[in-house]
Amino acid sequence: MSVRQSLLAILDQGPCYGYQLRTEFDRRTGSTWPLNVGQIYNTLERLERDGLVQKGDVDDQGHVYYEITDAGRAEVAEWLASPVRRQAGTRDELAIKLAIAATLPGVDVSVVIHNQRKASLAQLQELNRAKYAGADPEGAEELAWTLVVDSMIFAAEAEVRWLDHTEQRLSLHPQRALELELSTERPKRGRPSKARA
Amino acid sequence: MTAAVLRMVGVSQQYGVGELAVSALSGVDLEVMPGELVAVMGASGSGKSTLLSIAGGLQTPTVGEVVIDGEHLSTAAPDQLAALRRKAVGFVFQDYNLIPTLTAMENVTLPMELDGVSRRTVRRAGRDALGLVGLGDRGDAYPDDLSGGQQQRVAIARAIIGGRRLILADEPTGALDSVTGEQVMKTIRGRIDSGAAGILVTHEARHAAWADRMVFLRDGRIVDESRRDEADAMLVGHP
């Protein structure tokens, strides 16, 4: 999660102290990913080390206001201008589970899909209910919250669609055609031999 | 005990006869209570639209019983059936089906006018229905002057006018962008929450999730069902 860049972008609006940053982050993300103050100060220390923020005034209550530097402003602009890359290396637990389940003799993968869809639909219902019960997004904070809930709704819907698709794809093959017995070929240890030219 | 607004018992629909017969629905049981919205999902050709036509009395099933507000459709005479459809059932279609030469108000009040209800009562019911869908000030507009979302809300007003309690919606968000579609779903949900009953046919899980229960049709059978109140039985298999 881009906490570092988010805090920096907030500081671009004006100097803030740690707890204030936490509140600002919360109201701009529908309080969906609450940060603890320790996390905030760790991030601020690293931002200061990297020359992106600097300590400024201290108020009567001892709050230290951090302010953004020119380098920090440049980083915010860069962050907003560039796309977020989903990490391709992250393992998708569900994709792995279904792929493995489909190859296991004696396992009915449609039951696995059914159970997952049940859970995903229940989650969609929860999200819709939360949104329905919430205020109409007239204010900025309600809108921010709605954006976050929407992203979860579309992600859950995508999962359901993918499950439907997987079920259809699997139904085109007889169960036996997909199963893999344990291979009798023993894989060699060490690096795989180079492909022959 | 509250009575179901719609009850379908052992409903089957076959097209064709003998060896060429095709089953569109097989032994479907479905109850919809007041305040309940049931989403019907399934691939194309799974029987969704047939289910909706039979539920609304537009089509008579080969086998089985349909009961709307306590009236058995199979024993109703054709004119009784038509009257029941006008008074108890409201349809909402993907493409709105508004009459372009009539104003929003006239479209909404048409079913009541056909029943010979007094003009004053009709106007009042029309104003109420348009007000409930947030279009109280657009009664004089023609469908062409309204956005897609507004036209669909007019169609919903027509479906609920005069206290009709059963809303049958066939892909009501299909022609709308996602934000407008969500507003239409909110409007339908609002009507259900004030006591109507509804069936929503959709292939979009996002919209189906507005329902209290989700029913899946596969090859004309209800294969599983979600229930709001049974924590561990969101989907119950119906063999």
# chains A, B, ... in the order shown; residues from 1 in each chain; ligands from 1
>>> interface_residues(of="chain A", to="chain B", cutoff="8 Å", atoms="only C-alpha atoms", output="list in words")
Lys118, Leu121, Ala122, Leu124, Gln125, Asn128, Arg129, Tyr132, Ile153, Phe154, Glu157, Val160 and Arg161 of chain A
>>> residues_around(residues="stretch 18-23 of chain B", least_positions_apart="6", cutoff="12 Å", atoms="only C-alpha atoms", output="list in words")
Val11, Ser12, Gly45, Ser46, Gly47, Thr50, Pro61, Thr62, Val63, Arg218, Asp219, Gly220 and Arg221 of chain B
>>> select_by_dssp(residues="chain A", states="alpha helix (DSSP H)", output="PyMOL selection string")
chain A and resi 3-11+18-28+37-49+70-81+93-103+109-133+140-171+175-178
>>> closest_residue(among="A:Asp57, A:Glu167, A:Glu45, A:Glu179", to="A:Arg117", atoms="only C-alpha atoms")
A:Glu167
